[in-house]
Every structure is written in C-alpha cells, then in structure tokens.
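Okay, my_file_30.pdb now, which holds PDB, C-alpha atoms:
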```pdb
ATOM      1  CA  MET U 189     -20.342  -6.739   5.306  1.00  0.00           C
ATOM      2  CA  GLY U 190     -17.394  -4.837   6.869  1.00  0.00           C
ATOM      3  CA  PHE U 191     -14.410  -3.523   4.983  1.00  0.00           C
ATOM      4  CA  GLU U 192     -14.822  -5.949   2.090  1.00  0.00           C
ATOM      5  CA  GLY U 193     -18.351  -4.649   1.447  1.00  0.00           C
ATOM      6  CA  SER U 194     -17.037  -1.073   1.489  1.00  0.00           C
ATOM      7  CA  TYR U 195     -14.420  -1.986  -1.088  1.00  0.00           C
ATOM      8  CA  VAL U 196     -17.058  -3.558  -3.316  1.00  0.00           C
ATOM      9  CA  ARG U 197     -19.213  -0.429  -3.076  1.00  0.00           C
ATOM     10  CA  VAL U 198     -16.264   1.839  -3.915  1.00  0.00           C
ATOM     11  CA  GLY U 199     -15.343  -0.332  -6.902  1.00  0.00           C
ATOM     12  CA  ALA U 200     -18.950  -0.337  -8.127  1.00  0.00           C
ATOM     13  CA  ALA U 201     -19.257   3.451  -7.769  1.00  0.00           C
ATOM     14  CA  LEU U 202     -15.998   4.077  -9.616  1.00  0.00           C
ATOM     15  CA  SER U 203     -16.821   1.590 -12.350  1.00  0.00           C
ATOM     16  CA  ARG U 204     -19.919   3.663 -13.170  1.00  0.00           C
ATOM     17  CA  LEU U 205     -17.592   6.517 -14.141  1.00  0.00           C
ATOM     18  CA  GLY U 206     -16.556   4.421 -17.140  1.00  0.00           C
ATOM     19  CA  VAL U 207     -12.801   4.790 -16.599  1.00  0.00           C
ATOM     20  CA  HIS U 208     -10.972   1.611 -17.608  1.00  0.00           C
ATOM     21  CA  PRO U 209      -9.064   0.030 -14.689  1.00  0.00           C
ATOM     22  CA  ASN U 210      -5.794   0.154 -16.640  1.00  0.00           C
ATOM     23  CA  TYR U 211      -5.980   3.952 -16.545  1.00  0.00           C
ATOM     24  CA  TYR U 212      -5.913   3.831 -12.745  1.00  0.00           C
ATOM     25  CA  THR U 213      -2.822   1.602 -12.979  1.00  0.00           C
ATOM     26  CA  ILE U 214      -1.066   3.898 -15.459  1.00  0.00           C
ATOM     27  CA  ALA U 215      -1.974   7.034 -13.475  1.00  0.00           C
ATOM     28  CA  GLY U 216      -0.644   5.419 -10.282  1.00  0.00           C
ATOM     29  CA  LEU U 217       2.574   4.393 -12.035  1.00  0.00           C
ATOM     30  CA  THR U 218       3.023   7.865 -13.502  1.00  0.00           C
ATOM     31  CA  LEU U 219       2.717   9.403 -10.046  1.00  0.00           C
ATOM     32  CA  ALA U 220       5.016   6.759  -8.538  1.00  0.00           C
ATOM     33  CA  VAL U 221       7.914   7.636 -10.830  1.00  0.00           C
ATOM     34  CA  THR U 222       7.645  11.283  -9.783  1.00  0.00           C
ATOM     35  CA  VAL U 223       8.006  10.400  -6.082  1.00  0.00           C
ATOM     36  CA  PRO U 224      11.815   9.984  -6.036  1.00  0.00           C
ATOM     37  CA  ALA U 225      12.259  13.157  -8.116  1.00  0.00           C
ATOM     38  CA  ALA U 226      10.223  15.158  -5.589  1.00  0.00           C
ATOM     39  CA  ALA U 227      12.188  13.640  -2.695  1.00  0.00           C
ATOM     40  CA  TYR U 228      15.519  14.275  -4.435  1.00  0.00           C
ATOM     41  CA  MET U 229      14.616  17.946  -4.902  1.00  0.00           C
ATOM     42  CA  GLY U 230      13.815  18.184  -1.196  1.00  0.00           C
ATOM     43  CA  PHE U 231      10.014  18.244  -1.487  1.00  0.00           C
ATOM     44  CA  LYS U 232       9.472  15.493   1.083  1.00  0.00           C
ATOM     45  CA  ILE U 233       5.846  16.296   1.886  1.00  0.00           C
ATOM     46  CA  LEU U 234       4.997  16.432  -1.832  1.00  0.00           C
ATOM     47  CA  ALA U 235       6.808  13.109  -2.318  1.00  0.00           C
ATOM     48  CA  LEU U 236       4.738  11.515   0.453  1.00  0.00           C
ATOM     49  CA  PHE U 237       1.506  12.956  -0.960  1.00  0.00           C
ATOM     50  CA  LEU U 238       2.372  11.585  -4.429  1.00  0.00           C
ATOM     51  CA  MET U 239       3.279   8.207  -2.906  1.00  0.00           C
ATOM     52  CA  ALA U 240      -0.041   8.008  -1.061  1.00  0.00           C
ATOM     53  CA  LEU U 241      -2.029   9.060  -4.139  1.00  0.00           C
ATOM     54  CA  SER U 242      -0.126   6.581  -6.307  1.00  0.00           C
ATOM     55  CA  ALA U 243      -0.804   3.773  -3.816  1.00  0.00           C
ATOM     56  CA  LEU U 244      -4.493   4.717  -3.699  1.00  0.00           C
ATOM     57  CA  LEU U 245      -4.793   4.563  -7.484  1.00  0.00           C
ATOM     58  CA  ASP U 246      -3.030   1.203  -7.446  1.00  0.00           C
ATOM     59  CA  ALA U 247      -5.608  -0.110  -4.983  1.00  0.00           C
ATOM     60  CA  LEU U 248      -8.504   1.248  -7.029  1.00  0.00           C
ATOM     61  CA  ASP U 249      -7.535  -0.434 -10.299  1.00  0.00           C
ATOM     62  CA  GLY U 250      -8.343  -3.901  -8.974  1.00  0.00           C
ATOM     63  CA  LEU U 251     -11.581  -2.766  -7.341  1.00  0.00           C
ATOM     64  CA  VAL U 252     -12.767  -1.192 -10.585  1.00  0.00           C
ATOM     65  CA  ALA U 253     -11.677  -4.190 -12.658  1.00  0.00           C
ATOM     66  CA  ARG U 254     -13.668  -6.598 -10.486  1.00  0.00           C
ATOM     67  CA  ALA U 255     -16.731  -4.347 -10.256  1.00  0.00           C
ATOM     68  CA  SER U 256     -16.849  -3.664 -13.988  1.00  0.00           C
ATOM     69  CA  GLY U 257     -16.072  -7.221 -15.080  1.00  0.00           C
ATOM     70  CA  LEU U 258     -12.932  -5.994 -16.844  1.00  0.00           C
ATOM     71  CA  GLN U 259     -10.452  -8.257 -15.069  1.00  0.00           C
ATOM     72  CA  SER U 260      -7.943  -9.676 -17.514  1.00  0.00           C
ATOM     73  CA  ARG U 261      -4.597 -11.411 -17.536  1.00  0.00           C
ATOM     74  CA  ARG U 262      -3.218  -8.456 -19.473  1.00  0.00           C
ATOM     75  CA  GLY U 263      -4.429  -6.016 -16.795  1.00  0.00           C
ATOM     76  CA  ALA U 264      -3.017  -8.241 -14.052  1.00  0.00           C
ATOM     77  CA  PHE U 265       0.341  -8.274 -15.843  1.00  0.00           C
ATOM     78  CA  LEU U 266       0.308  -4.480 -16.226  1.00  0.00           C
ATOM     79  CA  ASP U 267      -0.571  -4.111 -12.541  1.00  0.00           C
ATOM     80  CA  SER U 268       2.207  -6.462 -11.428  1.00  0.00           C
ATOM     81  CA  VAL U 269       4.897  -4.727 -13.487  1.00  0.00           C
ATOM     82  CA  SER U 270       3.615  -1.347 -12.327  1.00  0.00           C
ATOM     83  CA  ASP U 271       3.802  -2.527  -8.703  1.00  0.00           C
ATOM     84  CA  ARG U 272       7.484  -3.493  -9.050  1.00  0.00           C
ATOM     85  CA  ILE U 273       8.392  -0.132 -10.612  1.00  0.00           C
ATOM     86  CA  SER U 274       6.406   1.698  -7.937  1.00  0.00           C
ATOM     87  CA  ASP U 275       8.121  -0.277  -5.160  1.00  0.00           C
ATOM     88  CA  ALA U 276      11.522   0.764  -6.515  1.00  0.00           C
ATOM     89  CA  ALA U 277      10.416   4.394  -6.849  1.00  0.00           C
ATOM     90  CA  TYR U 278       9.068   4.549  -3.292  1.00  0.00           C
ATOM     91  CA  ILE U 279      12.198   2.980  -1.802  1.00  0.00           C
ATOM     92  CA  LEU U 280      14.483   5.257  -3.846  1.00  0.00           C
ATOM     93  CA  ALA U 281      12.509   8.228  -2.530  1.00  0.00           C
ATOM     94  CA  LEU U 282      13.091   7.059   1.039  1.00  0.00           C
ATOM     95  CA  HIS U 283      16.807   6.903   0.302  1.00  0.00           C
ATOM     96  CA  TYR U 284      16.617  10.538  -0.849  1.00  0.00           C
ATOM     97  CA  MET U 285      14.826  11.311   2.421  1.00  0.00           C
ATOM     98  CA  GLY U 286      17.838  10.075   4.365  1.00  0.00           C
ATOM     99  CA  VAL U 287      17.410   6.304   4.738  1.00  0.00           C
ATOM    100  CA  GLY U 288      20.775   4.629   4.263  1.00  0.00           C
ATOM    101  CA  VAL U 289      21.614   3.032   0.922  1.00  0.00           C
ATOM    102  CA  LEU U 290      22.305  -0.438   2.363  1.00  0.00           C
ATOM    103  CA  LEU U 291      18.986  -0.543   4.203  1.00  0.00           C
ATOM    104  CA  SER U 292      17.113   0.805   1.154  1.00  0.00           C
ATOM    105  CA  TYR U 293      18.782  -1.614  -1.241  1.00  0.00           C
ATOM    106  CA  THR U 294      18.246  -4.611   1.036  1.00  0.00           C
ATOM    107  CA  LEU U 295      14.547  -3.776   1.437  1.00  0.00           C
ATOM    108  CA  LEU U 296      14.199  -3.438  -2.338  1.00  0.00           C
ATOM    109  CA  VAL U 297      15.754  -6.867  -2.887  1.00  0.00           C
ATOM    110  CA  ALA U 298      13.593  -8.426  -0.159  1.00  0.00           C
ATOM    111  CA  SER U 299      10.444  -6.830  -1.616  1.00  0.00           C
ATOM    112  CA  TYR U 300      11.270  -8.109  -5.082  1.00  0.00           C
ATOM    113  CA  MET U 301      12.014 -11.595  -3.736  1.00  0.00           C
ATOM    114  CA  VAL U 302       8.689 -11.711  -1.872  1.00  0.00           C
ATOM    115  CA  SER U 303       6.896 -10.830  -5.114  1.00  0.00           C
ATOM    116  CA  TYR U 304       9.054 -13.138  -7.236  1.00  0.00           C
ATOM    117  CA  THR U 305       8.521 -16.084  -4.893  1.00  0.00           C
ATOM    118  CA  ARG U 306       4.764 -15.623  -5.115  1.00  0.00           C
ATOM    119  CA  ALA U 307       4.816 -15.244  -8.913  1.00  0.00           C
ATOM    120  CA  ARG U 308       7.085 -18.245  -9.436  1.00  0.00           C
ATOM    121  CA  GLY U 309       5.227 -20.395  -6.911  1.00  0.00           C
ATOM    122  CA  GLU U 310       1.854 -19.568  -8.412  1.00  0.00           C
ATOM    123  CA  GLY U 311       3.328 -20.211 -11.866  1.00  0.00           C
ATOM    124  CA  LEU U 312       4.027 -23.717 -10.588  1.00  0.00           C
ATOM    125  CA  GLY U 313       0.452 -24.064  -9.351  1.00  0.00           C
ATOM    126  CA  VAL U 314       0.876 -23.212  -5.642  1.00  0.00           C
ATOM    127  CA  THR U 315      -1.588 -20.646  -4.275  1.00  0.00           C
ATOM    128  CA  LEU U 316       0.214 -18.042  -2.167  1.00  0.00           C
ATOM    129  CA  LYS U 317      -2.289 -15.215  -1.810  1.00  0.00           C
ATOM    130  CA  GLY U 318      -2.417 -14.325   1.865  1.00  0.00           C
ATOM    131  CA  VAL U 319       0.676 -16.365   2.753  1.00  0.00           C
ATOM    132  CA  GLY U 320       3.197 -14.392   4.778  1.00  0.00           C
ATOM    133  CA  LEU U 321       3.322 -11.610   7.316  1.00  0.00           C
ATOM    134  CA  VAL U 322       3.399  -8.689   4.853  1.00  0.00           C
ATOM    135  CA  GLU U 323       1.961  -8.454   1.393  1.00  0.00           C
ATOM    136  CA  ARG U 324       2.459  -5.455  -0.868  1.00  0.00           C
ATOM    137  CA  GLN U 325      -0.256  -3.326   0.716  1.00  0.00           C
ATOM    138  CA  GLU U 326       1.362  -3.641   4.137  1.00  0.00           C
ATOM    139  CA  ARG U 327       4.794  -2.865   2.689  1.00  0.00           C
ATOM    140  CA  VAL U 328       3.459   0.293   1.046  1.00  0.00           C
ATOM    141  CA  VAL U 329       1.833   1.409   4.302  1.00  0.00           C
ATOM    142  CA  GLY U 330       5.166   0.746   6.029  1.00  0.00           C
ATOM    143  CA  LEU U 331       7.003   2.793   3.411  1.00  0.00           C
ATOM    144  CA  LEU U 332       4.566   5.666   3.883  1.00  0.00           C
ATOM    145  CA  ALA U 333       5.031   5.442   7.663  1.00  0.00           C
ATOM    146  CA  ALA U 334       8.807   5.495   7.212  1.00  0.00           C
ATOM    147  CA  GLY U 335       8.514   8.495   4.921  1.00  0.00           C
ATOM    148  CA  LEU U 336       6.426  10.358   7.469  1.00  0.00           C
ATOM    149  CA  ALA U 337       8.874   9.412  10.221  1.00  0.00           C
ATOM    150  CA  SER U 338      11.774  10.712   8.125  1.00  0.00           C
ATOM    151  CA  LEU U 339      10.281  14.201   8.401  1.00  0.00           C
ATOM    152  CA  TYR U 340      11.099  14.067  12.125  1.00  0.00           C
ATOM    153  CA  SER U 341      13.842  11.485  12.553  1.00  0.00           C
ATOM    154  CA  VAL U 342      15.839   9.505  10.012  1.00  0.00           C
ATOM    155  CA  GLY U 343      16.653   7.047  12.800  1.00  0.00           C
ATOM    156  CA  LEU U 344      12.957   6.356  13.358  1.00  0.00           C
ATOM    157  CA  ALA U 345      12.431   5.972   9.600  1.00  0.00           C
ATOM    158  CA  GLU U 346      15.308   3.493   9.456  1.00  0.00           C
ATOM    159  CA  ALA U 347      13.847   1.565  12.401  1.00  0.00           C
ATOM    160  CA  ILE U 348      10.526   1.255  10.552  1.00  0.00           C
ATOM    161  CA  ILE U 349      12.358   0.126   7.413  1.00  0.00           C
ATOM    162  CA  ALA U 350      14.338  -2.416   9.464  1.00  0.00           C
ATOM    163  CA  VAL U 351      11.107  -3.877  10.879  1.00  0.00           C
ATOM    164  CA  LEU U 352       9.616  -3.943   7.379  1.00  0.00           C
ATOM    165  CA  LEU U 353      12.750  -5.694   6.140  1.00  0.00           C
ATOM    166  CA  VAL U 354      12.549  -8.391   8.838  1.00  0.00           C
ATOM    167  CA  LEU U 355       8.843  -8.944   8.113  1.00  0.00           C
ATOM    168  CA  SER U 356       9.543  -9.119   4.364  1.00  0.00           C
ATOM    169  CA  ILE U 357      12.294 -11.700   4.857  1.00  0.00           C
ATOM    170  CA  ALA U 358       9.962 -13.715   7.105  1.00  0.00           C
ATOM    171  CA  THR U 359       7.307 -13.549   4.354  1.00  0.00           C
ATOM    172  CA  LEU U 360       9.846 -14.732   1.794  1.00  0.00           C
ATOM    173  CA  VAL U 361      10.760 -17.681   4.003  1.00  0.00           C
ATOM    174  CA  GLN U 362       7.081 -18.532   4.618  1.00  0.00           C
ATOM    175  CA  ARG U 363       6.286 -18.476   0.902  1.00  0.00           C
ATOM    176  CA  PHE U 364       9.385 -20.442  -0.033  1.00  0.00           C
ATOM    177  CA  HIS U 365       8.540 -23.040   2.603  1.00  0.00           C
ATOM    178  CA  ARG U 366       4.939 -23.364   1.365  1.00  0.00           C
ATOM    179  CA  VAL U 367       6.042 -23.857  -2.251  1.00  0.00           C
ATOM    180  CA  TRP U 368       8.798 -26.270  -1.249  1.00  0.00           C
ATOM    181  CA  LEU U 369       6.382 -28.418   0.747  1.00  0.00           C
ATOM    182  CA  GLU U 370       3.591 -28.376  -1.815  1.00  0.00           C
ATOM    183  CA  LEU U 371       5.872 -29.285  -4.700  1.00  0.00           C
ATOM    184  CA  GLY U 372       7.270 -32.131  -2.563  1.00  0.00           C
ATOM    185  CA  GLY U 373       8.886 -35.299  -3.780  1.00  0.00           C
ATOM    186  CA  GLY U 374      12.021 -35.843  -5.704  1.00  0.00           C
ATOM    187  CA  GLY U 375      15.409 -34.209  -5.944  1.00  0.00           C
ATOM    188  CA  GLY U 376      16.056 -30.796  -7.433  1.00  0.00           C
TER
END
```
If you convert what's in this file into structure tokens, what do you get?
Amino acid sequence: MGFEGSYVRVGAALSRLGVHPNYYTIAGLTLAVTVPAAAYMGFKILALFLMALSALLDALDGLVARASGLQSRRGAFLDSVSDRISDAAYILALHYMGVGVLLSYTLLVASYMVSYTRARGEGLGVTLKGVGLVERQERVVGLLAAGLASLYSVGLAEAIIAVLLVLSIATLVQRFHRVWLELGGGGG
C-alpha cells in the first residue's frame, strides 16, 4: 500500500472530523500570506514554520476532499488560486531572507509559467499531471530547503533556488512540448 495508502488513511481520518476541505485551503492561504511578513520582520524561523504549516494544510485539503467525497470544481479552483498566492508569498519571504531579487523574481515567473502551461494545456484537453521534473509539491519542498539554508548561508539558499529554477524551466519545456505534440497538425 505504501505512501499512497498512508495518504488515504490520513485523509479518511481527517474527514471524520467533519471539517470541510475548503477550510484547510483557506487556513493554509491565511498562513501563507503571513510568511513574508514574518520574514520581513526578521523572524526567519517563524516564517519557515508558517511556510511548512501552510504547505501541510494545502496538502491536506485534497486528501480530505477525496476521502469525504467533497471534491468539486469550485474547491479545485479555490485550491489553484490559493496555490499561486502561496507560491508568491513563499518566494517573497525568501527574498526577505536574503535571496536576490532577480533570482526570486525569475523563479516566481517560472513557477507561474509551469502552472499556467498545465492549466492551459489541460483546458485544451491534454493531460499533464505528472509531466515534468518538478510539480508544485517539489517546488515547495525546495523553497523550504532554501529557507532553511538561508539561516546559514544565503549563497547556499541561492544555489538551491538556482537548481529549482533550472528544474522549473525544464518542466515548463517538457509540458509545452507535450501540449504542442498532442495538439499537432495545422499552423498557429
């Protein structure tokens, strides 16, 4: 059963609490927007704790939705918008922790383009789940790792961000290529 079975059990246990999955999404988003404020005020460890807790809540919303049978297009839309805001908040926090503005901004654009390419491609009927080197979960783990590294060395944090940026651009190219091939035929 492995990790997937563990996720199902966690989702089932949490769904018995009766908390609607959208509340997990909203709680995660609320925490996410506090992350850059904490980092800006110099509370780096608090910012990282809030980022991790926000990311955890974001992961739980989908588990609870599936386990409770409360998956909906509306919830998926809320989750997607929340994810984009959270991505921006996390990356802004890393900038406040010392990561250069150009590197931060470029990663934000790459992250948004990875997500946009998937959304647009799937809107055109091309399945892109699992396509690419890094999906959002991996990017968030990378951002957390960069945040932790920034406590010791901004250079190390920037190196992690640079690797994450390269992987994100590679994912963008992979997704673009898949959509381009599957849509095939004809001009523009």
Quiz item: Applied to the shown file, which residues does the PyMOL selection byres ((chain U and resi 351) around 12) return, written as a VMD selection string?
Solution: chain U and resid 291 295 321 to 322 326 to 327 330 to 331 333 to 334 344 to 350 352 to 358
Quick one: which segment 295-372 of chain U residues come within 9 Å of segment 242-265 of chain U, and what is the nearest atom pair for each with the distance in Å to one decimal, counting only C-alpha atoms, rows ordered by chain and ascending number, as a tab-separated table?
```
residue	atom	partner	partner_atom	distance
U:Gln325	CA	U:Ala243	CA	8.4
U:Val328	CA	U:Ala243	CA	7.3
U:Val329	CA	U:Ala243	CA	8.9
```
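Distance-wise, atom CA of Met239 of chain U and atom CA of Gly335 of chain U end up 9.4 Å apart.
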Exercise. Return the single residue from U:Leu339, U:Ser270, U:Arg306, U:Val361 that is closest to Leu236 of chain U, with distances computed using all atoms listed in the file.
Key: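 Looking at the shortest contact to Leu236 of chain U, the residue is U:Leu339.
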Practice problem: Point out the residue among U:Phe231, U:Ala220, U:Met285, U:Tyr211 with the least atom-to-atom distance to Ser341 of chain U, counting only C-alpha atoms. | Solution: U:Met285
